[in-house]
file target-v2.cif (mmCIF, C-alpha atoms)
data_final
loop_
_atom_site.label_atom_id
_atom_site.label_comp_id
_atom_site.auth_asym_id
_atom_site.auth_seq_id
_atom_site.Cartn_x
_atom_site.Cartn_y
_atom_site.Cartn_z
CA MET A 1 47.98 70.43 -36.15
CA GLU A 2 45.27 67.96 -37.15
CA LEU A 3 45.71 64.39 -35.92
CA LEU A 4 43.62 61.91 -37.88
CA VAL A 5 45.02 58.61 -36.59
CA ASP A 6 45.09 56.91 -33.19
CA LEU A 7 46.97 53.62 -33.34
CA HIS A 8 47.23 52.89 -29.61
CA THR A 9 43.83 51.87 -28.23
CA HIS A 10 42.51 48.92 -26.25
CA THR A 11 39.25 47.00 -26.09
CA ILE A 12 37.67 44.75 -23.47
CA SER A 13 39.91 41.98 -24.83
CA SER A 14 42.89 43.50 -22.98
CA GLY A 15 41.22 42.58 -19.69
CA HIS A 16 41.74 45.99 -18.06
CA ALA A 17 40.02 48.09 -20.74
CA TYR A 18 36.28 48.64 -20.84
CA SER A 19 35.01 49.33 -24.36
CA THR A 20 34.40 47.32 -27.51
CA ILE A 21 35.98 47.98 -30.89
CA THR A 22 32.56 49.21 -32.07
CA GLU A 23 32.37 51.75 -29.24
CA ASN A 24 35.94 52.89 -29.89
CA ALA A 25 35.27 53.26 -33.62
CA LEU A 26 32.14 55.32 -32.95
CA ALA A 27 34.13 57.62 -30.66
CA ALA A 28 36.85 57.91 -33.32
CA SER A 29 34.29 58.77 -35.97
CA ARG A 30 32.74 61.49 -33.84
CA LYS A 31 36.18 63.03 -33.29
CA GLY A 32 36.96 63.03 -37.00
CA LEU A 33 39.60 60.29 -36.96
CA LYS A 34 40.13 58.37 -40.19
CA LEU A 35 42.28 55.47 -38.98
CA LEU A 36 42.10 53.52 -35.70
CA GLY A 37 44.45 50.89 -34.33
CA MET A 38 42.99 48.03 -32.29
CA THR A 39 46.08 47.09 -30.29
CA ASP A 40 45.20 44.87 -27.37
CA HIS A 41 47.98 43.54 -25.17
CA GLY A 42 50.09 40.48 -25.92
CA PRO A 43 49.43 37.30 -23.92
CA SER A 44 51.97 37.80 -21.12
CA MET A 45 49.93 40.69 -19.70
CA PRO A 46 47.56 39.54 -16.92
CA GLY A 47 44.04 39.37 -18.32
CA ALA A 48 45.22 39.65 -21.93
CA PRO A 49 43.64 37.55 -24.68
CA HIS A 50 44.89 34.17 -25.80
CA LEU A 51 46.85 33.97 -29.05
CA TYR A 52 43.64 32.69 -30.66
CA HIS A 53 42.33 36.23 -30.33
CA LEU A 54 45.23 37.54 -32.43
CA GLY A 55 44.80 34.73 -34.92
CA ASN A 56 41.17 35.67 -35.53
CA LEU A 57 41.57 39.43 -36.09
CA SER A 58 40.93 39.08 -39.81
CA ILE A 59 37.17 38.95 -39.07
CA ILE A 60 37.22 42.60 -37.91
CA PRO A 61 35.60 44.81 -40.58
CA GLU A 62 38.01 46.99 -42.52
CA GLU A 63 35.86 50.00 -41.70
CA ILE A 64 33.45 50.82 -38.87
CA PHE A 65 31.44 54.08 -38.82
CA GLY A 66 33.61 55.38 -41.65
CA VAL A 67 36.85 54.77 -39.73
CA LYS A 68 39.42 52.37 -41.18
CA ILE A 69 40.43 49.75 -38.59
CA LEU A 70 43.96 48.37 -38.22
CA PRO A 71 43.79 45.21 -36.06
CA GLY A 72 47.11 44.62 -34.34
CA VAL A 73 48.79 44.11 -30.99
CA GLU A 74 50.73 45.88 -28.28
CA ALA A 75 53.39 43.21 -27.80
CA ASN A 76 55.34 42.99 -24.56
CA ILE A 77 59.12 42.84 -24.25
CA ILE A 78 59.77 39.84 -22.01
CA ASN A 79 63.55 39.69 -21.45
CA TYR A 80 66.86 41.54 -21.77
CA GLU A 81 67.25 40.29 -25.35
CA GLY A 82 64.22 42.31 -26.40
CA GLU A 83 62.18 39.24 -27.29
CA LEU A 84 58.41 39.64 -27.59
CA ASP A 85 55.56 37.60 -26.18
CA VAL A 86 53.93 37.12 -29.59
CA PRO A 87 55.36 34.51 -32.01
CA PHE A 88 56.58 35.70 -35.40
CA SER A 89 53.84 33.72 -37.15
CA TYR A 90 51.22 35.89 -35.41
CA LEU A 91 53.16 39.15 -35.73
CA ALA A 92 53.28 38.61 -39.49
CA GLN A 93 49.45 38.67 -39.58
CA MET A 94 49.10 41.98 -37.71
CA LYS A 95 48.26 45.22 -39.51
CA VAL A 96 50.25 47.14 -36.88
CA VAL A 97 52.65 46.00 -34.15
CA LEU A 98 53.32 48.27 -31.17
CA VAL A 99 55.98 47.20 -28.67
CA GLY A 100 56.69 48.31 -25.12
CA LEU A 101 57.86 47.48 -21.62
CA HIS A 102 55.25 46.57 -19.01
CA VAL A 103 55.26 45.55 -15.38
CA TYR A 104 54.40 41.84 -14.91
CA CYS A 105 55.72 41.06 -18.41
CA TYR A 106 59.35 42.16 -18.14
CA PRO A 107 61.67 41.39 -15.18
CA GLY A 108 63.25 44.83 -14.93
CA GLY A 109 66.93 45.55 -14.66
CA THR A 110 69.56 48.24 -14.77
CA SER A 111 69.21 51.24 -17.03
CA GLU A 112 71.65 49.59 -19.44
CA GLN A 113 69.76 46.28 -19.47
CA ASN A 114 66.41 48.00 -19.97
CA THR A 115 67.74 50.25 -22.71
CA GLN A 116 69.35 47.34 -24.54
CA ALA A 117 66.10 45.36 -24.34
CA TYR A 118 64.15 48.33 -25.72
CA ILE A 119 66.61 48.94 -28.56
CA LYS A 120 66.80 45.25 -29.49
CA ALA A 121 63.00 45.23 -29.72
CA MET A 122 63.22 48.28 -32.00
CA GLU A 123 65.53 46.29 -34.27
CA ASN A 124 63.02 43.45 -34.60
CA PRO A 125 61.76 43.51 -38.23
CA TYR A 126 58.21 42.86 -37.00
CA THR A 127 58.17 45.95 -34.78
CA ASP A 128 56.37 48.89 -36.36
CA MET A 129 56.44 51.38 -33.48
CA MET A 130 57.65 51.61 -29.89
CA VAL A 131 55.43 52.91 -27.09
CA HIS A 132 55.58 54.92 -23.83
CA PRO A 133 59.33 55.05 -23.08
CA GLY A 134 58.59 57.79 -20.55
CA ARG A 135 56.87 55.50 -18.07
CA PRO A 136 58.87 55.50 -14.80
CA ASP A 137 58.56 51.74 -14.20
CA PHE A 138 61.90 51.04 -15.90
CA ARG A 139 64.93 53.31 -16.11
CA LEU A 140 65.96 53.98 -19.72
CA ASP A 141 68.61 55.99 -21.55
CA LEU A 142 66.08 58.15 -23.37
CA GLU A 143 68.66 59.94 -25.50
CA ARG A 144 70.00 56.66 -26.91
CA ILE A 145 66.47 55.56 -27.72
CA ALA A 146 65.71 58.83 -29.51
CA TYR A 147 68.96 58.54 -31.49
CA LYS A 148 68.20 54.92 -32.40
CA SER A 149 64.70 55.90 -33.47
CA ALA A 150 66.18 58.36 -35.98
CA GLN A 151 68.79 55.83 -37.12
CA LEU A 152 66.28 53.03 -37.71
CA ASN A 153 63.37 55.28 -38.74
CA ILE A 154 61.19 53.57 -36.14
CA PRO A 155 58.61 55.94 -34.63
CA VAL A 156 58.50 56.14 -30.84
CA GLU A 157 55.35 57.24 -29.10
CA VAL A 158 54.54 60.31 -27.08
CA ASN A 159 51.88 58.68 -24.95
CA ASN A 160 49.04 60.95 -23.85
CA SER A 161 48.05 58.63 -21.01
CA SER A 162 51.54 58.87 -19.50
CA LEU A 163 51.13 62.66 -19.30
CA SER A 164 47.64 62.63 -17.85
CA THR A 165 47.35 63.71 -14.23
CA ILE A 166 44.32 61.44 -13.99
CA GLU A 167 46.56 58.44 -14.51
CA GLY A 168 48.85 59.56 -11.67
CA LYS A 169 52.01 58.16 -13.22
CA ASP A 170 54.63 59.71 -10.95
CA GLY A 171 57.76 60.73 -12.82
CA ALA A 172 56.34 60.08 -16.28
CA ARG A 173 55.79 63.72 -17.14
CA ALA A 174 59.44 64.66 -16.49
CA ASN A 175 60.68 61.64 -18.44
CA CYS A 176 58.40 62.46 -21.36
CA HIS A 177 59.70 66.04 -21.44
CA TYR A 178 63.30 64.82 -21.58
CA PHE A 179 62.42 62.31 -24.27
CA ALA A 180 60.53 64.79 -26.42
CA ASN A 181 63.50 67.16 -26.35
CA TYR A 182 65.78 64.35 -27.54
CA MET A 183 63.34 63.43 -30.31
CA ALA A 184 63.36 67.06 -31.43
CA LYS A 185 67.18 67.11 -31.31
CA TYR A 186 67.62 64.03 -33.52
CA LYS A 187 64.60 64.69 -35.77
CA SER A 188 63.28 61.23 -34.92
CA PRO A 189 59.90 60.01 -36.22
CA VAL A 190 57.13 60.40 -33.66
CA ILE A 191 53.73 58.84 -33.16
CA LEU A 192 51.17 60.29 -30.74
CA GLY A 193 48.98 57.74 -29.00
CA SER A 194 46.02 58.04 -26.67
CA ASP A 195 46.55 54.59 -25.10
CA ALA A 196 42.80 54.67 -24.58
CA HIS A 197 41.34 52.02 -22.29
CA PHE A 198 37.83 53.50 -22.52
CA TRP A 199 36.04 54.93 -25.54
CA ASP A 200 36.03 58.52 -24.28
CA ARG A 201 39.86 58.63 -24.39
CA VAL A 202 40.12 57.61 -28.04
CA GLY A 203 41.73 60.41 -30.04
CA GLU A 204 42.72 62.31 -26.89
CA PHE A 205 46.11 63.90 -27.58
CA SER A 206 45.88 67.26 -25.79
CA ASP A 207 48.67 66.71 -23.26
CA ALA A 208 50.91 65.08 -25.88
CA LEU A 209 50.34 67.99 -28.26
CA ASP A 210 51.30 70.50 -25.58
CA LEU A 211 54.49 68.57 -24.94
CA ILE A 212 55.61 68.26 -28.57
CA HIS A 213 54.99 71.96 -29.18
CA GLU A 214 57.01 72.82 -26.09
CA ALA A 215 59.86 70.54 -27.19
CA GLY A 216 59.92 71.91 -30.73
CA ILE A 217 59.04 68.65 -32.48
CA SER A 218 58.06 69.55 -36.04
CA GLU A 219 54.85 68.50 -37.74
CA GLN A 220 56.96 66.68 -40.35
CA GLN A 221 58.21 64.30 -37.65
CA ILE A 222 54.71 63.25 -36.61
CA LEU A 223 53.30 60.27 -38.44
CA ASN A 224 49.66 60.41 -37.47
CA THR A 225 48.82 63.74 -39.09
CA SER A 226 47.69 61.68 -42.08
CA PRO A 227 46.31 58.16 -42.54
CA GLU A 228 48.19 57.97 -45.84
CA ARG A 229 51.50 58.62 -44.08
CA VAL A 230 50.80 55.85 -41.59
CA LEU A 231 49.70 53.33 -44.22
CA ASP A 232 52.65 54.16 -46.49
CA TYR A 233 55.05 53.68 -43.57
CA LEU A 234 53.48 50.34 -42.63
CA ALA A 235 53.68 49.19 -46.26
CA ILE A 236 57.40 50.01 -46.30
CA ARG A 237 57.91 47.98 -43.10
CA ARG A 238 56.28 44.96 -44.70
CA LYS A 239 58.44 45.27 -47.81
CA GLN A 240 61.51 45.42 -45.58
CA ARG A 241 60.46 42.21 -43.87
CA LEU A 242 60.01 40.44 -47.17
CA SER A 243 63.42 41.59 -48.41
CA ARG A 244 65.05 40.26 -45.24
CA ALA A 245 63.24 36.93 -45.63
CA CYS A 246 64.59 36.61 -49.17
#
call {"tool": "encode", "arguments": {"input": "target-v2.cif", "output": "structure tokens"}}
result
Amino acid sequence: MELLVDLHTHTISSGHAYSTITENALAASRKGLKLLGMTDHGPSMPGAPHLYHLGNLSIIPEEIFGVKILPGVEANIINYEGELDVPFSYLAQMKVVLVGLHVYCYPGGTSEQNTQAYIKAMENPYTDMMVHPGRPDFRLDLERIAYKSAQLNIPVEVNNSSLSTIEGKDGARANCHYFANYMAKYKSPVILGSDAHFWDRVGEFSDALDLIHEAGISEQQILNTSPERVLDYLAIRRKQRLSRAC
């Protein structure tokens, strides 16, 4: 399986990542990627950029080293209602909006509260994709999330960083295995993400690929096998927003 898109990457603007967008794009180009997301954290994450950063993303070149760039955000869920830390006026400007739960940004709760928050964020018309549900920081009903992903046609990420032994995320690997099996069961749309915080991790999907093969997730379920598939999906999301606004 050839993966040509990595939508989940971070730059120095996230505060705890260590490469520039230029360095990430060069790494992507060398690995044969065609489409790269620049998805720094929303403002509730310690060290994250001010909203002005998100408001100025239009200056980023459309292409760097032959790789098309999608400036966006990894927005943080901040409460049990699934609200995000980025105002709608900014989300509407993003080329791609990833959404997830993070320590320091979300208070934590019961499995039911966390799952409801995650699902409500999935239902947000500005959400394009959900990320790393397998992280052990918050208990989640992973089967309900996989089912909702299929129902809403919202891709949920298999996060390579969560599976990496280097990251040392205790419990994440087991959670990710359970989740991948549920995604295979419900034929839910899947996105693979590196969650790179340094240029050498851009386009790194090896652990995620092993997991999806083991779970029996089909190539047809995976969005980032083609930049055209990703861009077509994002175009549909924007049309859906406009129809709701009307």
call {"tool": "resolve_selection", "arguments": {"input": "target-v2.cif", "expression": "the PyMOL selection byres ((chain A and resi 224) around 10)", "output": "PyMOL selection string"}}
result
chain A and resi 2-7+35+190-193+219+221-223+225-231
call {"tool": "closest_residue", "arguments": {"input": "target-v2.cif", "among": "A:Ser164, A:Thr110, A:Thr22, A:Ser149", "to": "Tyr182 of chain A", "atoms": "only C-alpha atoms"}}
result
A:Ser149
call {"tool": "closest_residue", "arguments": {"input": "target-v2.cif", "among": "A:Tyr178, A:Phe138, A:Tyr80, A:Tyr147", "to": "Gln116 of chain A", "atoms": "all atoms listed in the file"}}
result
A:Tyr80
call {"tool": "residues_around", "arguments": {"input": "target-v2.cif", "residues": "segment 233-235 of chain A", "least_positions_apart": "4", "cutoff": "8 Å", "atoms": "only C-alpha atoms", "output": "number ranges by chain"}}
result
A: 95-96, 128, 229, 239
call {"tool": "closest_residue", "arguments": {"input": "target-v2.cif", "among": "A:Asn76, A:Gln93, A:Ser29, A:Ser111", "to": "Leu57 of chain A", "atoms": "all atoms listed in the file"}}
result
A:Gln93
call {"tool": "atom_distance", "arguments": {"input": "target-v2.cif", "atom1": "atom CA of His213 of chain A", "atom2": "atom CA of Met1 of chain A"}}
result
10.0 Å
call {"tool": "resolve_selection", "arguments": {"input": "target-v2.cif", "expression": "the PyMOL selection byres ((chain A and resi 71) around 10)", "output": "list in words"}}
result
Leu7, Ile21, Leu36, Gly37, Met38, Thr39, Asp40, Leu54, Asn56, Leu57, Ser58, Ile59, Ile60, Pro61, Glu62, Lys68, Ile69, Leu70, Gly72, Val73, Gln93, Met94, Lys95, Val96 and Val97 of chain A
call {"tool": "resolve_selection", "arguments": {"input": "target-v2.cif", "expression": "the PyMOL selection byres ((chain A and resi 125) around 9)", "output": "ChimeraX atom specification"}}
result
/A:121-124,126-128,237-238,240-241,244
call {"tool": "atom_distance", "arguments": {"input": "target-v2.cif", "atom1": "atom CA of Lys148 of chain A", "atom2": "atom CA of Asp210 of chain A"}}
result
24.0 Å
call {"tool": "atom_distance", "arguments": {"input": "target-v2.cif", "atom1": "atom CA of Pro87 of chain A", "atom2": "atom CA of His132 of chain A"}}
result
22.0 Å
call {"tool": "closest_residue", "arguments": {"input": "target-v2.cif", "among": "A:Ile64, A:Ile212, A:Ile119, A:Ala27", "to": "Glu81 of chain A", "atoms": "all atoms listed in the file"}}
result
A:Ile119
call {"tool": "residues_around", "arguments": {"input": "target-v2.cif", "residues": "Gln113 of chain A", "least_positions_apart": "4", "cutoff": "9 Å", "atoms": "only C-alpha atoms", "output": "list in words"}}
result
Tyr80, Glu81, Gly108, Gly109, Ala117, Tyr118 and Leu140 of chain A
call {"tool": "closest_residue", "arguments": {"input": "target-v2.cif", "among": "A:Ala180, A:Ala196, A:Met129, A:Ala146", "to": "Asn160 of chain A", "atoms": "all atoms listed in the file"}}
result
A:Ala196
call {"tool": "axis_aligned_box", "arguments": {"input": "target-v2.cif", "around": "segment 47-58 of chain A", "padding_each_side": "8 Å", "output": "JSON"}}
result
{"center_x": 43.9, "center_y": 36.2, "center_z": -29.1, "size_x": 21.9, "size_y": 23.0, "size_z": 37.5}
call {"tool": "closest_residue", "arguments": {"input": "target-v2.cif", "among": "A:Pro189, A:Gly203, A:Gly47, A:Gly42", "to": "Asn24 of chain A", "atoms": "all atoms listed in the file"}}
result
A:Gly203
call {"tool": "decode", "arguments": {"input": "target-v2.cif", "residues": "segment 149-166 of chain A", "atoms": "N, CA and C atoms", "output": "PDB file, in the first residue's frame"}}
result
ATOM      1  N   SER A 149     -18.024   6.888  13.361  1.00  0.00           N
ATOM      2  CA  SER A 149     -17.183   7.261  12.231  1.00  0.00           C
ATOM      3  C   SER A 149     -17.809   6.778  10.927  1.00  0.00           C
ATOM      4  N   ALA A 150     -18.269   5.536  10.921  1.00  0.00           N
ATOM      5  CA  ALA A 150     -18.908   4.984   9.721  1.00  0.00           C
ATOM      6  C   ALA A 150     -20.220   5.702   9.429  1.00  0.00           C
ATOM      7  N   GLN A 151     -20.984   6.003  10.471  1.00  0.00           N
ATOM      8  CA  GLN A 151     -22.285   6.655  10.310  1.00  0.00           C
ATOM      9  C   GLN A 151     -22.149   8.061   9.744  1.00  0.00           C
ATOM     10  N   LEU A 152     -21.163   8.804  10.241  1.00  0.00           N
ATOM     11  CA  LEU A 152     -20.965  10.195   9.828  1.00  0.00           C
ATOM     12  C   LEU A 152     -20.020  10.333   8.639  1.00  0.00           C
ATOM     13  N   ASN A 153     -19.327   9.261   8.290  1.00  0.00           N
ATOM     14  CA  ASN A 153     -18.273   9.293   7.274  1.00  0.00           C
ATOM     15  C   ASN A 153     -17.169  10.286   7.646  1.00  0.00           C
ATOM     16  N   ILE A 154     -16.810  10.286   8.922  1.00  0.00           N
ATOM     17  CA  ILE A 154     -15.706  11.106   9.416  1.00  0.00           C
ATOM     18  C   ILE A 154     -14.515  10.187   9.686  1.00  0.00           C
ATOM     19  N   PRO A 155     -13.411  10.361   8.976  1.00  0.00           N
ATOM     20  CA  PRO A 155     -12.249   9.499   9.219  1.00  0.00           C
ATOM     21  C   PRO A 155     -11.695   9.693  10.632  1.00  0.00           C
ATOM     22  N   VAL A 156     -11.284   8.586  11.226  1.00  0.00           N
ATOM     23  CA  VAL A 156     -10.594   8.623  12.514  1.00  0.00           C
ATOM     24  C   VAL A 156      -9.203   8.034  12.314  1.00  0.00           C
ATOM     25  N   GLU A 157      -8.250   8.621  12.982  1.00  0.00           N
ATOM     26  CA  GLU A 157      -6.843   8.329  12.720  1.00  0.00           C
ATOM     27  C   GLU A 157      -6.340   7.077  13.429  1.00  0.00           C
ATOM     28  N   VAL A 158      -5.515   6.330  12.713  1.00  0.00           N
ATOM     29  CA  VAL A 158      -4.590   5.387  13.330  1.00  0.00           C
ATOM     30  C   VAL A 158      -3.258   6.130  13.413  1.00  0.00           C
ATOM     31  N   ASN A 159      -2.867   6.448  14.623  1.00  0.00           N
ATOM     32  CA  ASN A 159      -1.766   7.373  14.874  1.00  0.00           C
ATOM     33  C   ASN A 159      -0.466   6.595  15.083  1.00  0.00           C
ATOM     34  N   ASN A 160       0.480   6.783  14.182  1.00  0.00           N
ATOM     35  CA  ASN A 160       1.727   6.026  14.249  1.00  0.00           C
ATOM     36  C   ASN A 160       2.510   6.327  15.518  1.00  0.00           C
ATOM     37  N   SER A 161       2.464   7.562  15.968  1.00  0.00           N
ATOM     38  CA  SER A 161       3.188   7.944  17.175  1.00  0.00           C
ATOM     39  C   SER A 161       2.664   7.211  18.401  1.00  0.00           C
ATOM     40  N   SER A 162       1.346   6.977  18.453  1.00  0.00           N
ATOM     41  CA  SER A 162       0.764   6.262  19.585  1.00  0.00           C
ATOM     42  C   SER A 162       1.281   4.835  19.673  1.00  0.00           C
ATOM     43  N   LEU A 163       1.667   4.257  18.539  1.00  0.00           N
ATOM     44  CA  LEU A 163       2.115   2.870  18.483  1.00  0.00           C
ATOM     45  C   LEU A 163       3.612   2.721  18.667  1.00  0.00           C
ATOM     46  N   SER A 164       4.318   3.838  18.621  1.00  0.00           N
ATOM     47  CA  SER A 164       5.775   3.788  18.661  1.00  0.00           C
ATOM     48  C   SER A 164       6.269   3.476  20.061  1.00  0.00           C
ATOM     49  N   THR A 165       7.152   2.501  20.165  1.00  0.00           N
ATOM     50  CA  THR A 165       7.740   2.192  21.471  1.00  0.00           C
ATOM     51  C   THR A 165       8.633   3.323  21.957  1.00  0.00           C
ATOM     52  N   ILE A 166       9.137   4.114  21.029  1.00  0.00           N
ATOM     53  CA  ILE A 166       9.974   5.257  21.405  1.00  0.00           C
ATOM     54  C   ILE A 166       9.171   6.246  22.236  1.00  0.00           C
TER      55      ILE A 166
END
